[in-house]
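File shown here: entry_4.pdb, holding PDB, C-alpha atoms.
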ATOM      1  CA  MET U   1      25.626 188.645 -83.654  1.00  0.00           C
ATOM      2  CA  SER U   2      25.376 185.535 -85.775  1.00  0.00           C
ATOM      3  CA  PHE U   3      27.933 183.963 -88.063  1.00  0.00           C
ATOM      4  CA  ARG U   4      27.064 184.028 -91.717  1.00  0.00           C
ATOM      5  CA  PRO U   5      29.217 181.826 -93.923  1.00  0.00           C
ATOM      6  CA  LEU U   6      30.410 183.160 -97.233  1.00  0.00           C
ATOM      7  CA  PRO U   7      28.366 182.031-100.193  1.00  0.00           C
ATOM      8  CA  ALA U   8      29.693 178.924-101.912  1.00  0.00           C
ATOM      9  CA  ARG U   9      31.686 179.544-105.054  1.00  0.00           C
ATOM     10  CA  GLY U  10      31.895 177.275-108.029  1.00  0.00           C
ATOM     11  CA  THR U  11      34.928 175.119-108.737  1.00  0.00           C
ATOM     12  CA  ALA U  12      35.834 177.053-111.871  1.00  0.00           C
ATOM     13  CA  ALA U  13      35.760 180.358-109.976  1.00  0.00           C
ATOM     14  CA  LEU U  14      37.980 178.958-107.224  1.00  0.00           C
ATOM     15  CA  LEU U  15      40.515 177.698-109.737  1.00  0.00           C
ATOM     16  CA  ARG U  16      40.618 181.054-111.542  1.00  0.00           C
ATOM     17  CA  GLU U  17      40.937 183.171-108.428  1.00  0.00           C
ATOM     18  CA  THR U  18      43.104 181.107-106.076  1.00  0.00           C
ATOM     19  CA  LYS U  19      46.620 180.800-107.466  1.00  0.00           C
ATOM     20  CA  PRO U  20      47.949 178.089-105.090  1.00  0.00           C
ATOM     21  CA  LEU U  21      44.882 175.950-105.714  1.00  0.00           C
ATOM     22  CA  LYS U  22      45.165 176.450-109.458  1.00  0.00           C
ATOM     23  CA  ALA U  23      48.856 175.517-109.373  1.00  0.00           C
ATOM     24  CA  LEU U  24      48.075 172.365-107.407  1.00  0.00           C
ATOM     25  CA  PHE U  25      45.275 171.424-109.797  1.00  0.00           C
ATOM     26  CA  ASP U  26      47.502 172.021-112.832  1.00  0.00           C
ATOM     27  CA  GLU U  27      50.259 169.854-111.318  1.00  0.00           C
ATOM     28  CA  ALA U  28      47.769 167.059-110.636  1.00  0.00           C
ATOM     29  CA  GLN U  29      46.579 167.191-114.243  1.00  0.00           C
ATOM     30  CA  ARG U  30      50.178 167.194-115.487  1.00  0.00           C
ATOM     31  CA  ILE U  31      51.071 164.118-113.414  1.00  0.00           C
ATOM     32  CA  ASP U  32      47.911 162.362-114.583  1.00  0.00           C
ATOM     33  CA  ARG U  33      48.903 163.032-118.219  1.00  0.00           C
ATOM     34  CA  LEU U  34      52.430 161.705-117.530  1.00  0.00           C
ATOM     35  CA  GLN U  35      50.947 158.632-115.824  1.00  0.00           C
ATOM     36  CA  ARG U  36      48.870 157.839-118.897  1.00  0.00           C
ATOM     37  CA  LEU U  37      51.956 158.145-121.136  1.00  0.00           C
ATOM     38  CA  LEU U  38      53.949 155.907-118.802  1.00  0.00           C
ATOM     39  CA  GLU U  39      51.173 153.297-118.728  1.00  0.00           C
ATOM     40  CA  SER U  40      51.120 153.232-122.520  1.00  0.00           C
ATOM     41  CA  GLN U  41      54.711 151.921-122.409  1.00  0.00           C
ATOM     42  CA  LEU U  42      54.333 149.452-119.536  1.00  0.00           C
ATOM     43  CA  GLN U  43      53.267 145.840-119.641  1.00  0.00           C
ATOM     44  CA  PRO U  44      49.615 145.472-118.572  1.00  0.00           C
ATOM     45  CA  ALA U  45      50.571 143.623-115.372  1.00  0.00           C
ATOM     46  CA  ALA U  46      52.926 146.428-114.281  1.00  0.00           C
ATOM     47  CA  ARG U  47      50.483 149.299-114.742  1.00  0.00           C
ATOM     48  CA  GLU U  48      48.769 149.015-111.361  1.00  0.00           C
ATOM     49  CA  HIS U  49      52.125 148.756-109.554  1.00  0.00           C
ATOM     50  CA  CYS U  50      53.926 151.759-111.072  1.00  0.00           C
ATOM     51  CA  HIS U  51      52.946 155.407-110.540  1.00  0.00           C
ATOM     52  CA  VAL U  52      54.502 158.741-111.454  1.00  0.00           C
ATOM     53  CA  ALA U  53      55.516 160.659-108.325  1.00  0.00           C
ATOM     54  CA  SER U  54      57.325 163.580-109.923  1.00  0.00           C
ATOM     55  CA  TRP U  55      58.941 164.819-113.122  1.00  0.00           C
ATOM     56  CA  ARG U  56      61.547 167.506-112.613  1.00  0.00           C
ATOM     57  CA  ASP U  57      64.789 168.558-114.338  1.00  0.00           C
ATOM     58  CA  GLY U  58      64.959 165.491-116.580  1.00  0.00           C
ATOM     59  CA  CYS U  59      64.439 163.074-113.678  1.00  0.00           C
ATOM     60  CA  LEU U  60      61.341 160.899-113.490  1.00  0.00           C
ATOM     61  CA  LEU U  61      60.541 159.455-110.053  1.00  0.00           C
ATOM     62  CA  LEU U  62      58.350 156.370-110.104  1.00  0.00           C
ATOM     63  CA  ILE U  63      56.690 154.833-107.058  1.00  0.00           C
ATOM     64  CA  LEU U  64      56.371 151.038-107.106  1.00  0.00           C
ATOM     65  CA  THR U  65      54.233 148.911-104.814  1.00  0.00           C
ATOM     66  CA  ASP U  66      56.933 146.407-103.834  1.00  0.00           C
ATOM     67  CA  GLY U  67      60.526 145.335-104.360  1.00  0.00           C
ATOM     68  CA  HIS U  68      59.555 142.718-106.926  1.00  0.00           C
ATOM     69  CA  TRP U  69      58.184 145.333-109.303  1.00  0.00           C
ATOM     70  CA  ALA U  70      61.096 147.690-108.597  1.00  0.00           C
ATOM     71  CA  THR U  71      63.527 144.969-109.668  1.00  0.00           C
ATOM     72  CA  ARG U  72      61.532 144.201-112.803  1.00  0.00           C
ATOM     73  CA  MET U  73      61.386 147.895-113.723  1.00  0.00           C
ATOM     74  CA  ARG U  74      65.136 148.347-113.158  1.00  0.00           C
ATOM     75  CA  TYR U  75      65.784 145.583-115.696  1.00  0.00           C
ATOM     76  CA  GLN U  76      63.601 147.460-118.182  1.00  0.00           C
ATOM     77  CA  GLN U  77      64.901 150.929-117.306  1.00  0.00           C
ATOM     78  CA  ARG U  78      66.954 151.625-120.470  1.00  0.00           C
ATOM     79  CA  ARG U  79      64.173 150.464-122.786  1.00  0.00           C
ATOM     80  CA  LEU U  80      61.630 152.533-120.888  1.00  0.00           C
ATOM     81  CA  GLU U  81      63.835 155.651-120.994  1.00  0.00           C
ATOM     82  CA  ARG U  82      64.272 155.252-124.748  1.00  0.00           C
ATOM     83  CA  GLN U  83      60.541 154.823-125.342  1.00  0.00           C
ATOM     84  CA  LEU U  84      59.514 157.709-123.083  1.00  0.00           C
ATOM     85  CA  ARG U  85      61.977 160.113-124.748  1.00  0.00           C
ATOM     86  CA  GLY U  86      59.888 159.647-127.892  1.00  0.00           C
ATOM     87  CA  PHE U  87      57.102 161.666-126.240  1.00  0.00           C
ATOM     88  CA  GLU U  88      57.339 165.455-126.251  1.00  0.00           C
ATOM     89  CA  GLU U  89      56.669 165.608-122.487  1.00  0.00           C
ATOM     90  CA  PHE U  90      59.679 163.379-121.764  1.00  0.00           C
ATOM     91  CA  ALA U  91      62.047 164.742-124.418  1.00  0.00           C
ATOM     92  CA  THR U  92      64.560 165.883-121.766  1.00  0.00           C
ATOM     93  CA  LEU U  93      64.466 162.643-119.763  1.00  0.00           C
ATOM     94  CA  THR U  94      67.922 161.800-118.418  1.00  0.00           C
ATOM     95  CA  LYS U  95      67.181 159.242-115.707  1.00  0.00           C
ATOM     96  CA  ILE U  96      64.435 157.300-114.009  1.00  0.00           C
ATOM     97  CA  LEU U  97      64.491 156.749-110.252  1.00  0.00           C
ATOM     98  CA  PHE U  98      62.466 154.022-108.569  1.00  0.00           C
ATOM     99  CA  LYS U  99      61.152 154.139-105.028  1.00  0.00           C
ATOM    100  CA  VAL U 100      59.234 151.389-103.259  1.00  0.00           C
ATOM    101  CA  GLN U 101      56.195 152.494-101.285  1.00  0.00           C
ATOM    102  CA  PRO U 102      53.741 149.740-100.364  1.00  0.00           C
ATOM    103  CA  PRO U 103      50.086 150.730-100.569  1.00  0.00           C
ATOM    104  CA  ALA U 104      48.496 151.733 -97.283  1.00  0.00           C
ATOM    105  CA  ALA U 105      46.785 148.803 -95.618  1.00  0.00           C
ATOM    106  CA  PRO U 106      43.028 149.271 -95.320  1.00  0.00           C
ATOM    107  CA  ARG U 107      41.929 149.818 -91.756  1.00  0.00           C
ATOM    108  CA  ASN U 108      39.434 147.419 -90.284  1.00  0.00           C
ATOM    109  CA  ALA U 109      36.642 149.390 -88.674  1.00  0.00           C
ATOM    110  CA  GLY U 110      35.669 146.484 -86.456  1.00  0.00           C
ATOM    111  CA  GLY U 111      39.167 145.400 -85.560  1.00  0.00           C
ATOM    112  CA  ARG U 112      40.309 141.813 -85.553  1.00  0.00           C
ATOM    113  CA  THR U 113      37.753 139.120 -85.010  1.00  0.00           C
ATOM    114  CA  LEU U 114      38.676 136.157 -82.905  1.00  0.00           C
ATOM    115  CA  GLU U 115      37.242 132.773 -83.716  1.00  0.00           C
ATOM    116  CA  LEU U 116      37.722 129.899 -81.297  1.00  0.00           C
ATOM    117  CA  SER U 117      36.218 126.462 -81.426  1.00  0.00           C
ATOM    118  CA  VAL U 118      34.061 125.278 -78.547  1.00  0.00           C
ATOM    119  CA  SER U 119      36.798 122.888 -77.399  1.00  0.00           C
ATOM    120  CA  ALA U 120      39.416 125.682 -77.417  1.00  0.00           C
ATOM    121  CA  ALA U 121      37.092 127.939 -75.403  1.00  0.00           C
ATOM    122  CA  GLU U 122      36.505 125.123 -72.877  1.00  0.00           C
ATOM    123  CA  SER U 123      40.254 124.550 -72.594  1.00  0.00           C
ATOM    124  CA  ILE U 124      40.877 128.261 -71.938  1.00  0.00           C
ATOM    125  CA  GLN U 125      38.075 128.295 -69.343  1.00  0.00           C
ATOM    126  CA  SER U 126      39.517 125.260 -67.519  1.00  0.00           C
ATOM    127  CA  THR U 127      42.928 126.963 -67.504  1.00  0.00           C
ATOM    128  CA  ALA U 128      41.339 130.120 -66.096  1.00  0.00           C
ATOM    129  CA  ASP U 129      39.744 128.074 -63.290  1.00  0.00           C
ATOM    130  CA  GLY U 130      43.202 127.037 -62.100  1.00  0.00           C
ATOM    131  CA  ILE U 131      44.715 130.563 -62.089  1.00  0.00           C
ATOM    132  CA  SER U 132      45.012 132.435 -58.787  1.00  0.00           C
ATOM    133  CA  ASP U 133      45.882 135.855 -60.306  1.00  0.00           C
ATOM    134  CA  ALA U 134      42.526 137.686 -60.574  1.00  0.00           C
ATOM    135  CA  GLY U 135      43.516 139.841 -63.576  1.00  0.00           C
ATOM    136  CA  LEU U 136      44.856 136.955 -65.611  1.00  0.00           C
ATOM    137  CA  ARG U 137      41.854 134.810 -64.691  1.00  0.00           C
ATOM    138  CA  ALA U 138      39.439 137.559 -65.823  1.00  0.00           C
ATOM    139  CA  ALA U 139      41.307 137.982 -69.127  1.00  0.00           C
ATOM    140  CA  LEU U 140      41.206 134.243 -69.836  1.00  0.00           C
ATOM    141  CA  GLU U 141      37.516 134.080 -68.965  1.00  0.00           C
ATOM    142  CA  ARG U 142      36.762 136.950 -71.361  1.00  0.00           C
ATOM    143  CA  LEU U 143      38.710 135.148 -74.055  1.00  0.00           C
ATOM    144  CA  ALA U 144      36.833 131.905 -73.412  1.00  0.00           C
ATOM    145  CA  ARG U 145      33.451 133.717 -73.612  1.00  0.00           C
ATOM    146  CA  ARG U 146      34.350 135.199 -76.993  1.00  0.00           C
ATOM    147  CA  GLY U 147      35.129 131.767 -78.346  1.00  0.00           C
ATOM    148  CA  LYS U 148      31.850 130.330 -77.164  1.00  0.00           C
ATOM    149  CA  ARG U 149      29.870 133.185 -78.778  1.00  0.00           C
ATOM    150  CA  SER U 150      31.352 132.680 -82.243  1.00  0.00           C
ATOM    151  CA  ASP U 151      30.197 129.056 -82.517  1.00  0.00           C
TER     152      ASP U 151
END
Kindly transcribe the structure held in the file into structure tokens.
Amino acid sequence: MSFRPLPARGTAALLRETKPLKALFDEAQRIDRLQRLLESQLQPAAREHCHVASWRDGCLLLILTDGHWATRMRYQQRRLERQLRGFEEFATLTKILFKVQPPAAPRNAGGRTLELSVSAAESIQSTADGISDAGLRAALERLARRGKRSD
């Protein structure tokens, strides 16, 4: 008995037939539309630092990249509320909440690289020569070898 996967279905068919997926897709489109409206009212420098997280019951939650931008946006909060209420989508806006969430740091696939000068590697090696603890000596020797390879 062999496993036969179901035939692949098109994106449009999945969205029509799967209600949770359709709801998620519709919400993503709605937030994207709100983001574009928000960006139209922000200063160009602030656009990359301010993102719509949710819009529910007259409350707009904005995610900002750092405390600096959160402070700047709080100073502009009343003006922004007034301007956004002019759009049909934000007609019932009562308050704007700000939350700071720094962007995720990109992961280095190779890890940290260590660069030592030749003189630093020689100094570490001479220190290792005077150590009686075998584990510590081996660690220092490995460190010294890495430094010598990079130059």
At what distance in Å, to one decimal, does CA of Arg33 in chain U lie from CA of Arg78 in chain U?
->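 Value for the CA of Arg78 in chain U-CA of Arg33 in chain U distance: 21.5 Å.
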When you draw a straight line from CA of Trp69 in chain U to CA of Glu39 in chain U, how long is it in Å?
-> 14.2 Å
Given only C-alpha atoms as the counted atoms, nearest of U:Pro103, U:Pro44, U:Pro5, U:Gly86 to Leu64 in chain U =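 Going through U:Pro103, U:Pro44, U:Pro5, U:Gly86 one by one, the smallest distance to Leu64 in chain U is for U:Pro103.
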Under the PyMOL selection byres ((chain U and resi 123) around 12), which residues of this model are included? Write them out as a PDB file with C-alpha atoms, keeping the file's coordinate frame.
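Full text of result20.pdb as output:
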ATOM      1  CA  LEU U 116      37.722 129.899 -81.297  1.00  0.00           C
ATOM      2  CA  SER U 117      36.218 126.462 -81.426  1.00  0.00           C
ATOM      3  CA  VAL U 118      34.061 125.278 -78.547  1.00  0.00           C
ATOM      4  CA  SER U 119      36.798 122.888 -77.399  1.00  0.00           C
ATOM      5  CA  ALA U 120      39.416 125.682 -77.417  1.00  0.00           C
ATOM      6  CA  ALA U 121      37.092 127.939 -75.403  1.00  0.00           C
ATOM      7  CA  GLU U 122      36.505 125.123 -72.877  1.00  0.00           C
ATOM      8  CA  ILE U 124      40.877 128.261 -71.938  1.00  0.00           C
ATOM      9  CA  GLN U 125      38.075 128.295 -69.343  1.00  0.00           C
ATOM     10  CA  SER U 126      39.517 125.260 -67.519  1.00  0.00           C
ATOM     11  CA  THR U 127      42.928 126.963 -67.504  1.00  0.00           C
ATOM     12  CA  ALA U 128      41.339 130.120 -66.096  1.00  0.00           C
ATOM     13  CA  ASP U 129      39.744 128.074 -63.290  1.00  0.00           C
ATOM     14  CA  GLY U 130      43.202 127.037 -62.100  1.00  0.00           C
ATOM     15  CA  LEU U 140      41.206 134.243 -69.836  1.00  0.00           C
ATOM     16  CA  GLU U 141      37.516 134.080 -68.965  1.00  0.00           C
ATOM     17  CA  LEU U 143      38.710 135.148 -74.055  1.00  0.00           C
ATOM     18  CA  ALA U 144      36.833 131.905 -73.412  1.00  0.00           C
ATOM     19  CA  ARG U 145      33.451 133.717 -73.612  1.00  0.00           C
ATOM     20  CA  GLY U 147      35.129 131.767 -78.346  1.00  0.00           C
ATOM     21  CA  LYS U 148      31.850 130.330 -77.164  1.00  0.00           C
TER      22      LYS U 148
END
For the atom pair CA of Ala45 in chain U and CA of Met73 in chain U, what is the interatomic distance in Å to one decimal place?
->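 So the answer is 11.7 Å.
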Need to verify the contact set: Leu37 in chain U, 12 Å, only C-alpha atoms, exclusion of same-chain residues closer than 6 positions in sequence. Can you return it as a compact mmCIF listing (two decimals) with C-alpha atoms, in the coordinates of the input?
# COMPACT_ATOMS: atom_id res chain seq x y z
CA ARG U 30 50.18 167.19 -115.49
CA ILE U 31 51.07 164.12 -113.41
CA ARG U 47 50.48 149.30 -114.74
CA HIS U 51 52.95 155.41 -110.54
CA VAL U 52 54.50 158.74 -111.45
CA LEU U 80 61.63 152.53 -120.89
CA GLN U 83 60.54 154.82 -125.34
CA LEU U 84 59.51 157.71 -123.08
CA ARG U 85 61.98 160.11 -124.75
CA GLY U 86 59.89 159.65 -127.89
CA PHE U 87 57.10 161.67 -126.24
CA GLU U 88 57.34 165.46 -126.25
CA GLU U 89 56.67 165.61 -122.49
CA PHE U 90 59.68 163.38 -121.76
If you count all atoms listed in the file, which residues fall within 12 Å of Tyr75 in chain U, apart from same-chain ones fewer than 6 positions away, as a PDB file with C-alpha atoms, keeping the file's coordinate frame?
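File written: out-v4.pdb
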ATOM      1  CA  HIS U  68      59.555 142.718-106.926  1.00  0.00           C
ATOM      2  CA  TRP U  69      58.184 145.333-109.303  1.00  0.00           C
ATOM      3  CA  GLU U  81      63.835 155.651-120.994  1.00  0.00           C
ATOM      4  CA  ILE U  96      64.435 157.300-114.009  1.00  0.00           C
ATOM      5  CA  PHE U  98      62.466 154.022-108.569  1.00  0.00           C
TER       6      PHE U  98
END
Which of these, U:Pro7, U:Arg142, U:Leu24, U:Leu34, has the shortest distance to Leu61 in chain U once you count only C-alpha atoms?
-> U:Leu34
Mind checking which residues fall within 12 Å of Ala70 in chain U, counting only C-alpha atoms, ignoring those fewer than 4 positions away in the same chain, and posting them as a list in words?
->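 Once the adjacent positions are removed, what remains is Ala46, His49, Cys50, His51, Leu61, Leu62, Ile63, Leu64, Thr65, Asp66, Arg74, Tyr75, Gln76, Gln77, Ile96, Leu97, Phe98, Lys99, Val100, Gln101 and Pro102 of chain U.
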Given the file above and the PyMOL selection byres ((chain U and resi 94) around 8), which residues are selected, and can you give them as a PyMOL selection string?
-> chain U and resi 58-59+81+92-93+95-96
Using only the atoms of range 37-53 of chain U listed in the file, plus 4 Å on each side, state the axis-aligned box centre and edge lengths in Å rounded to one decimal, as AutoDock Vina command-line options.
--center_x 52.1 --center_y 152.1 --center_z -115.4 --size_x 14.7 --size_y 25.0 --size_z 22.2
Kindly complete range 89-100 of chain U to all heavy atoms; the output should be written as a PDB file, in the coordinates of the input.
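Listing of part06.pdb after writing:
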ATOM      1  N   GLU U  89      56.612 165.303-123.916  1.00  0.00           N
ATOM      2  CA  GLU U  89      56.669 165.608-122.487  1.00  0.00           C
ATOM      3  C   GLU U  89      57.935 165.088-121.818  1.00  0.00           C
ATOM      4  O   GLU U  89      58.413 165.639-120.845  1.00  0.00           O
ATOM      5  CB  GLU U  89      55.447 165.027-121.756  1.00  0.00           C
ATOM      6  CG  GLU U  89      54.146 165.742-122.064  1.00  0.00           C
ATOM      7  CD  GLU U  89      53.467 165.199-123.323  1.00  0.00           C
ATOM      8  OE1 GLU U  89      54.103 164.448-124.095  1.00  0.00           O
ATOM      9  OE2 GLU U  89      52.292 165.535-123.533  1.00  0.00           O
ATOM     10  N   PHE U  90      58.491 163.991-122.354  1.00  0.00           N
ATOM     11  CA  PHE U  90      59.679 163.379-121.764  1.00  0.00           C
ATOM     12  C   PHE U  90      60.925 163.567-122.621  1.00  0.00           C
ATOM     13  O   PHE U  90      61.908 162.834-122.463  1.00  0.00           O
ATOM     14  CB  PHE U  90      59.450 161.873-121.558  1.00  0.00           C
ATOM     15  CG  PHE U  90      58.460 161.537-120.490  1.00  0.00           C
ATOM     16  CD1 PHE U  90      57.242 160.968-120.814  1.00  0.00           C
ATOM     17  CD2 PHE U  90      58.741 161.766-119.152  1.00  0.00           C
ATOM     18  CE1 PHE U  90      56.327 160.633-119.831  1.00  0.00           C
ATOM     19  CE2 PHE U  90      57.829 161.438-118.166  1.00  0.00           C
ATOM     20  CZ  PHE U  90      56.624 160.874-118.505  1.00  0.00           C
ATOM     21  N   ALA U  91      60.924 164.546-123.497  1.00  0.00           N
ATOM     22  CA  ALA U  91      62.047 164.742-124.418  1.00  0.00           C
ATOM     23  C   ALA U  91      63.364 164.971-123.682  1.00  0.00           C
ATOM     24  O   ALA U  91      64.429 164.574-124.157  1.00  0.00           O
ATOM     25  CB  ALA U  91      61.758 165.909-125.362  1.00  0.00           C
ATOM     26  N   THR U  92      63.330 165.580-122.508  1.00  0.00           N
ATOM     27  CA  THR U  92      64.560 165.883-121.766  1.00  0.00           C
ATOM     28  C   THR U  92      64.864 164.852-120.683  1.00  0.00           C
ATOM     29  O   THR U  92      65.680 165.114-119.795  1.00  0.00           O
ATOM     30  CB  THR U  92      64.453 167.274-121.115  1.00  0.00           C
ATOM     31  OG1 THR U  92      63.335 167.279-120.220  1.00  0.00           O
ATOM     32  CG2 THR U  92      64.286 168.358-122.163  1.00  0.00           C
ATOM     33  N   LEU U  93      64.266 163.689-120.766  1.00  0.00           N
ATOM     34  CA  LEU U  93      64.466 162.643-119.763  1.00  0.00           C
ATOM     35  C   LEU U  93      65.922 162.191-119.744  1.00  0.00           C
ATOM     36  O   LEU U  93      66.477 161.812-120.771  1.00  0.00           O
ATOM     37  CB  LEU U  93      63.552 161.446-120.058  1.00  0.00           C
ATOM     38  CG  LEU U  93      63.649 160.252-119.120  1.00  0.00           C
ATOM     39  CD1 LEU U  93      63.171 160.636-117.723  1.00  0.00           C
ATOM     40  CD2 LEU U  93      62.847 159.086-119.655  1.00  0.00           C
ATOM     41  N   THR U  94      66.539 162.259-118.564  1.00  0.00           N
ATOM     42  CA  THR U  94      67.922 161.800-118.418  1.00  0.00           C
ATOM     43  C   THR U  94      68.020 160.559-117.540  1.00  0.00           C
ATOM     44  O   THR U  94      68.910 159.748-117.725  1.00  0.00           O
ATOM     45  CB  THR U  94      68.823 162.902-117.823  1.00  0.00           C
ATOM     46  OG1 THR U  94      68.282 163.319-116.568  1.00  0.00           O
ATOM     47  CG2 THR U  94      68.936 164.078-118.770  1.00  0.00           C
ATOM     48  N   LYS U  95      67.130 160.427-116.557  1.00  0.00           N
ATOM     49  CA  LYS U  95      67.181 159.242-115.707  1.00  0.00           C
ATOM     50  C   LYS U  95      65.818 158.976-115.076  1.00  0.00           C
ATOM     51  O   LYS U  95      64.991 159.872-114.941  1.00  0.00           O
ATOM     52  CB  LYS U  95      68.242 159.372-114.621  1.00  0.00           C
ATOM     53  CG  LYS U  95      67.986 160.458-113.606  1.00  0.00           C
ATOM     54  CD  LYS U  95      69.121 160.498-112.593  1.00  0.00           C
ATOM     55  CE  LYS U  95      68.958 161.693-111.671  1.00  0.00           C
ATOM     56  NZ  LYS U  95      69.995 161.754-110.683  1.00  0.00           N
ATOM     57  N   ILE U  96      65.642 157.729-114.707  1.00  0.00           N
ATOM     58  CA  ILE U  96      64.435 157.300-114.009  1.00  0.00           C
ATOM     59  C   ILE U  96      64.866 156.756-112.649  1.00  0.00           C
ATOM     60  O   ILE U  96      65.762 155.914-112.566  1.00  0.00           O
ATOM     61  CB  ILE U  96      63.673 156.208-114.786  1.00  0.00           C
ATOM     62  CG1 ILE U  96      63.226 156.723-116.150  1.00  0.00           C
ATOM     63  CG2 ILE U  96      62.472 155.728-113.988  1.00  0.00           C
ATOM     64  CD1 ILE U  96      62.563 155.668-117.027  1.00  0.00           C
ATOM     65  N   LEU U  97      64.243 157.254-111.605  1.00  0.00           N
ATOM     66  CA  LEU U  97      64.491 156.749-110.252  1.00  0.00           C
ATOM     67  C   LEU U  97      63.285 155.942-109.806  1.00  0.00           C
ATOM     68  O   LEU U  97      62.143 156.294-110.121  1.00  0.00           O
ATOM     69  CB  LEU U  97      64.716 157.909-109.280  1.00  0.00           C
ATOM     70  CG  LEU U  97      65.919 158.798-109.557  1.00  0.00           C
ATOM     71  CD1 LEU U  97      65.949 159.958-108.564  1.00  0.00           C
ATOM     72  CD2 LEU U  97      67.206 158.003-109.480  1.00  0.00           C
ATOM     73  N   PHE U  98      63.539 154.874-109.063  1.00  0.00           N
ATOM     74  CA  PHE U  98      62.466 154.022-108.569  1.00  0.00           C
ATOM     75  C   PHE U  98      62.467 154.057-107.048  1.00  0.00           C
ATOM     76  O   PHE U  98      63.515 153.991-106.418  1.00  0.00           O
ATOM     77  CB  PHE U  98      62.667 152.575-109.032  1.00  0.00           C
ATOM     78  CG  PHE U  98      62.700 152.434-110.521  1.00  0.00           C
ATOM     79  CD1 PHE U  98      63.904 152.298-111.190  1.00  0.00           C
ATOM     80  CD2 PHE U  98      61.535 152.439-111.255  1.00  0.00           C
ATOM     81  CE1 PHE U  98      63.942 152.168-112.562  1.00  0.00           C
ATOM     82  CE2 PHE U  98      61.559 152.315-112.633  1.00  0.00           C
ATOM     83  CZ  PHE U  98      62.771 152.177-113.289  1.00  0.00           C
ATOM     84  N   LYS U  99      61.303 154.153-106.477  1.00  0.00           N
ATOM     85  CA  LYS U  99      61.152 154.139-105.028  1.00  0.00           C
ATOM     86  C   LYS U  99      60.017 153.194-104.687  1.00  0.00           C
ATOM     87  O   LYS U  99      58.961 153.227-105.314  1.00  0.00           O
ATOM     88  CB  LYS U  99      60.837 155.549-104.534  1.00  0.00           C
ATOM     89  CG  LYS U  99      60.877 155.688-103.049  1.00  0.00           C
ATOM     90  CD  LYS U  99      60.808 157.141-102.655  1.00  0.00           C
ATOM     91  CE  LYS U  99      61.264 157.265-101.229  1.00  0.00           C
ATOM     92  NZ  LYS U  99      61.592 158.602-100.868  1.00  0.00           N
ATOM     93  N   VAL U 100      60.253 152.349-103.682  1.00  0.00           N
ATOM     94  CA  VAL U 100      59.234 151.389-103.259  1.00  0.00           C
ATOM     95  C   VAL U 100      58.419 151.999-102.132  1.00  0.00           C
ATOM     96  O   VAL U 100      58.967 152.494-101.149  1.00  0.00           O
ATOM     97  CB  VAL U 100      59.873 150.067-102.783  1.00  0.00           C
ATOM     98  CG1 VAL U 100      58.826 149.132-102.213  1.00  0.00           C
ATOM     99  CG2 VAL U 100      60.621 149.409-103.927  1.00  0.00           C
TER     100      VAL U 100
END
